[in-house]
Amino acid sequence: MWIAVVLSCLSPEAESCDAAVNDRLFETEQQCKEAVVDVRNFLNSNVNYARVGCIEVHLRGRKIAL
C-alpha cells in the first residue's frame with residue numbers, strides 16, 4: 001500500500017511550507033504517482049512550489065484510520 005504526500009510552499013524558503021497527506025491508500029506505487037502528479041502540476045501553476053512523493057505503508061495485519 002502507498003500513501004501520497006505533498007509539500008507545498010509559497011516561496012523557496014522552508015518556513016513557508018505545508019505538508020499534506022492524501023486521505024486514502026493506493027494499491028500500487030504507480031497509482032499513487034499518477035495521483036500526485038496532477039496535484040503537483042496544479043500547485044506549481046498557481047505560484048506555489050510543490051514537491052510530491054509516495055511512501056510505502058506496511059500495515060502488518062492492522063487497520064489504520066485516515
# chains A, B, ... in the order shown; residues from 1 in each chain; ligands from 1
$ residues_around --residues "stretch 35-39 of chain A" --least-positions-apart "6" --cutoff "9 Å" --atoms "only C-alpha atoms" --output "MDAnalysis selection string"
chainID A and resid 4:6 50 52:54
$ select_by_dssp --residues "chain A" --states "alpha helix (DSSP H)" --output "ChimeraX atom specification"
/A:29-45
$ residues_around --residues "A:Val47" --least-positions-apart "3" --cutoff "12 Å" --atoms "only C-alpha atoms" --output "PyMOL selection string"
chain A and resi 8-12+40-44+50
$ write_last_selection --atoms "C-alpha atoms" --output "mmCIF file, in the first residue's frame"
data_model
loop_
_atom_site.group_PDB
_atom_site.id
_atom_site.type_symbol
_atom_site.label_atom_id
_atom_site.label_comp_id
_atom_site.auth_asym_id
_atom_site.auth_seq_id
_atom_site.Cartn_x
_atom_site.Cartn_y
_atom_site.Cartn_z
ATOM 1 C CA SER A 8 3.574 22.912 -0.812
ATOM 2 C CA CYS A 9 5.467 26.152 -0.262
ATOM 3 C CA LEU A 10 4.612 29.781 -1.007
ATOM 4 C CA SER A 11 8.283 30.578 -1.600
ATOM 5 C CA PRO A 12 11.539 28.637 -1.907
ATOM 6 C CA ARG A 40 1.933 18.962 -8.195
ATOM 7 C CA ASN A 41 1.105 20.434 -11.610
ATOM 8 C CA PHE A 42 -1.897 22.326 -10.202
ATOM 9 C CA LEU A 43 0.074 23.775 -7.290
ATOM 10 C CA ASN A 44 3.069 24.717 -9.426
ATOM 11 C CA ALA A 50 5.383 21.843 -4.683
#
$ select_by_dssp --residues "chain A" --states "strand (DSSP E or B)" --output "tab-separated table (two decimals) with all heavy atoms, in the first residue's frame"
chain	number	residue	atom	x	y	z
A	2	TRP	N	0.38	2.31	-0.62
A	2	TRP	CA	1.14	3.54	-0.76
A	2	TRP	C	0.28	4.74	-0.35
A	2	TRP	O	-0.92	4.74	-0.57
A	2	TRP	CB	1.59	3.72	-2.20
A	2	TRP	CG	2.53	2.64	-2.62
A	2	TRP	CD1	2.21	1.38	-3.06
A	2	TRP	CD2	3.95	2.69	-2.61
A	2	TRP	NE1	3.35	0.66	-3.31
A	2	TRP	CE2	4.42	1.45	-3.06
A	2	TRP	CE3	4.86	3.69	-2.27
A	2	TRP	CZ2	5.78	1.18	-3.16
A	2	TRP	CZ3	6.21	3.41	-2.39
A	2	TRP	CH2	6.66	2.16	-2.83
A	3	ILE	N	0.92	5.74	0.23
A	3	ILE	CA	0.23	6.97	0.61
A	3	ILE	C	0.92	8.15	-0.06
A	3	ILE	O	2.16	8.18	-0.15
A	3	ILE	CB	0.16	7.13	2.14
A	3	ILE	CG1	-0.86	8.19	2.51
A	3	ILE	CG2	1.52	7.42	2.74
A	3	ILE	CD1	-1.31	8.11	3.94
A	4	ALA	N	0.11	9.10	-0.56
A	4	ALA	CA	0.64	10.27	-1.25
A	4	ALA	C	0.94	11.38	-0.25
A	4	ALA	O	0.17	11.62	0.67
A	4	ALA	CB	-0.37	10.75	-2.28
A	5	VAL	N	2.07	12.06	-0.47
A	5	VAL	CA	2.49	13.16	0.39
A	5	VAL	C	2.81	14.36	-0.50
A	5	VAL	O	3.45	14.23	-1.54
A	5	VAL	CB	3.74	12.77	1.20
A	5	VAL	CG1	4.21	13.92	2.06
A	5	VAL	CG2	3.47	11.54	2.03
A	6	VAL	N	2.35	15.55	-0.06
A	6	VAL	CA	2.59	16.78	-0.81
A	6	VAL	C	3.22	17.81	0.12
A	6	VAL	O	2.74	18.02	1.23
A	6	VAL	CB	1.27	17.35	-1.38
A	6	VAL	CG1	1.52	18.68	-2.09
A	6	VAL	CG2	0.61	16.36	-2.32
A	7	LEU	N	4.29	18.43	-0.33
A	7	LEU	CA	4.91	19.54	0.37
A	7	LEU	C	4.70	20.76	-0.52
A	7	LEU	O	5.20	20.82	-1.64
A	7	LEU	CB	6.40	19.29	0.60
A	7	LEU	CG	7.14	20.38	1.35
A	7	LEU	CD1	6.62	20.49	2.78
A	7	LEU	CD2	8.63	20.09	1.35
A	8	SER	N	3.91	21.72	-0.04
A	8	SER	CA	3.57	22.91	-0.81
A	8	SER	C	4.13	24.14	-0.09
A	8	SER	O	3.89	24.33	1.10
A	8	SER	CB	2.06	23.03	-0.95
A	8	SER	OG	1.71	24.21	-1.61
A	9	CYS	N	4.83	24.97	-0.85
A	9	CYS	CA	5.47	26.15	-0.26
A	9	CYS	C	5.06	27.40	-1.05
A	9	CYS	O	4.89	27.35	-2.27
A	9	CYS	CB	6.98	26.01	-0.31
A	9	CYS	SG	7.59	24.49	0.44
A	17	CYS	N	6.28	26.44	4.08
A	17	CYS	CA	5.76	25.17	3.58
A	17	CYS	C	4.71	24.53	4.48
A	17	CYS	O	4.74	24.67	5.70
A	17	CYS	CB	6.90	24.17	3.41
A	17	CYS	SG	8.15	24.73	2.24
A	18	ASP	N	3.79	23.83	3.83
A	18	ASP	CA	2.80	22.99	4.50
A	18	ASP	C	2.89	21.59	3.91
A	18	ASP	O	3.10	21.43	2.71
A	18	ASP	CB	1.38	23.51	4.28
A	18	ASP	CG	1.10	24.78	5.04
A	18	ASP	OD1	1.44	24.83	6.24
A	18	ASP	OD2	0.55	25.72	4.45
A	19	ALA	N	2.73	20.60	4.76
A	19	ALA	CA	2.73	19.21	4.30
A	19	ALA	C	1.30	18.68	4.36
A	19	ALA	O	0.53	19.02	5.25
A	19	ALA	CB	3.63	18.35	5.17
A	20	ALA	N	0.95	17.86	3.39
A	20	ALA	CA	-0.38	17.24	3.35
A	20	ALA	C	-0.23	15.78	2.95
A	20	ALA	O	0.67	15.41	2.20
A	20	ALA	CB	-1.27	17.96	2.35
A	21	VAL	N	-1.13	14.98	3.48
A	21	VAL	CA	-1.16	13.55	3.18
A	21	VAL	C	-2.53	13.21	2.63
A	21	VAL	O	-3.55	13.67	3.14
A	21	VAL	CB	-0.88	12.71	4.46
A	21	VAL	CG1	-0.96	11.23	4.16
A	21	VAL	CG2	0.48	13.07	5.04
A	22	ASN	N	-2.55	12.42	1.58
A	22	ASN	CA	-3.81	12.00	0.98
A	22	ASN	C	-4.64	11.21	1.99
A	22	ASN	O	-4.09	10.56	2.87
A	22	ASN	CB	-3.52	11.15	-0.26
A	22	ASN	CG	-4.70	11.00	-1.17
A	22	ASN	OD1	-5.84	10.96	-0.73
A	22	ASN	ND2	-4.44	10.92	-2.45
A	23	ASP	N	-5.94	11.24	1.83
A	23	ASP	CA	-6.81	10.54	2.78
A	23	ASP	C	-7.16	9.12	2.35
A	23	ASP	O	-8.10	8.53	2.86
A	23	ASP	CB	-8.09	11.34	3.03
A	23	ASP	CG	-8.92	11.53	1.77
A	23	ASP	OD1	-8.44	11.16	0.68
A	23	ASP	OD2	-10.04	12.04	1.88
A	24	ARG	N	-6.43	8.58	1.40
A	24	ARG	CA	-6.64	7.18	1.01
A	24	ARG	C	-5.32	6.52	0.67
A	24	ARG	O	-4.34	7.19	0.36
A	24	ARG	CB	-7.61	7.07	-0.16
A	24	ARG	CG	-7.02	7.48	-1.48
A	24	ARG	CD	-8.02	7.30	-2.62
A	24	ARG	NE	-7.34	7.35	-3.88
A	24	ARG	CZ	-7.35	6.38	-4.77
A	24	ARG	NH1	-8.00	5.28	-4.54
A	24	ARG	NH2	-6.70	6.50	-5.91
A	25	LEU	N	-5.33	5.21	0.71
A	25	LEU	CA	-4.15	4.43	0.34
A	25	LEU	C	-4.30	3.93	-1.08
A	25	LEU	O	-5.40	3.63	-1.53
A	25	LEU	CB	-3.98	3.24	1.29
A	25	LEU	CG	-3.68	3.59	2.74
A	25	LEU	CD1	-3.69	2.33	3.59
A	25	LEU	CD2	-2.34	4.31	2.86
A	26	PHE	N	-3.18	3.83	-1.78
A	26	PHE	CA	-3.16	3.31	-3.14
A	26	PHE	C	-2.60	1.90	-3.13
A	26	PHE	O	-1.69	1.59	-2.36
A	26	PHE	CB	-2.29	4.21	-4.03
A	26	PHE	CG	-2.84	5.60	-4.19
A	26	PHE	CD1	-2.46	6.60	-3.31
A	26	PHE	CD2	-3.73	5.89	-5.20
A	26	PHE	CE1	-2.96	7.89	-3.44
A	26	PHE	CE2	-4.25	7.17	-5.34
A	26	PHE	CZ	-3.86	8.17	-4.45
A	49	TYR	N	5.35	26.37	-4.81
A	49	TYR	CA	6.46	25.45	-5.04
A	49	TYR	C	6.02	24.13	-4.41
A	49	TYR	O	5.79	24.08	-3.21
A	49	TYR	CB	7.74	25.97	-4.39
A	49	TYR	CG	8.16	27.31	-4.93
A	49	TYR	CD1	7.67	28.49	-4.39
A	49	TYR	CD2	9.04	27.39	-6.01
A	49	TYR	CE1	8.05	29.72	-4.90
A	49	TYR	CE2	9.43	28.62	-6.51
A	49	TYR	CZ	8.92	29.78	-5.96
A	49	TYR	OH	9.30	31.00	-6.46
A	50	ALA	N	5.90	23.10	-5.21
A	50	ALA	CA	5.38	21.84	-4.68
A	50	ALA	C	6.33	20.70	-4.98
A	50	ALA	O	6.92	20.61	-6.06
A	50	ALA	CB	4.01	21.54	-5.27
A	51	ARG	N	6.45	19.83	-4.00
A	51	ARG	CA	7.16	18.56	-4.15
A	51	ARG	C	6.20	17.48	-3.69
A	51	ARG	O	5.47	17.66	-2.71
A	51	ARG	CB	8.43	18.52	-3.30
A	51	ARG	CG	9.48	19.49	-3.74
A	51	ARG	CD	10.08	19.07	-5.08
A	51	ARG	NE	11.12	19.97	-5.52
A	51	ARG	CZ	10.95	20.89	-6.47
A	51	ARG	NH1	9.78	21.04	-7.03
A	51	ARG	NH2	11.93	21.65	-6.84
A	52	VAL	N	6.21	16.39	-4.41
A	52	VAL	CA	5.29	15.30	-4.08
A	52	VAL	C	6.05	13.99	-4.01
A	52	VAL	O	7.16	13.87	-4.53
A	52	VAL	CB	4.16	15.19	-5.13
A	52	VAL	CG1	3.30	16.44	-5.15
A	52	VAL	CG2	4.71	14.90	-6.52
A	53	GLY	N	5.45	13.03	-3.36
A	53	GLY	CA	6.07	11.72	-3.27
A	53	GLY	C	5.08	10.69	-2.78
A	53	GLY	O	3.97	11.01	-2.37
A	54	CYS	N	5.50	9.46	-2.84
A	54	CYS	CA	4.69	8.34	-2.38
A	54	CYS	C	5.52	7.53	-1.39
A	54	CYS	O	6.69	7.24	-1.64
A	54	CYS	CB	4.27	7.47	-3.56
A	54	CYS	SG	3.18	8.32	-4.71
A	55	ILE	N	4.90	7.19	-0.28
A	55	ILE	CA	5.58	6.44	0.77
A	55	ILE	C	4.89	5.11	0.95
A	55	ILE	O	3.65	5.05	1.07
A	55	ILE	CB	5.56	7.22	2.09
A	55	ILE	CG1	6.29	8.56	1.91
A	55	ILE	CG2	6.16	6.40	3.23
A	55	ILE	CD1	6.18	9.48	3.09
A	56	GLU	N	5.68	4.05	0.97
A	56	GLU	CA	5.11	2.72	1.16
A	56	GLU	C	4.68	2.54	2.62
A	56	GLU	O	5.40	2.92	3.54
A	56	GLU	CB	6.11	1.64	0.77
A	56	GLU	CG	5.49	0.27	0.72
A	56	GLU	CD	6.41	-0.78	0.12
A	56	GLU	OE1	7.62	-0.51	-0.03
A	56	GLU	OE2	5.90	-1.85	-0.21
$ atom_distance --atom1 "atom CA of A:Thr28" --atom2 "atom CA of A:Asn46"
28.4 Å
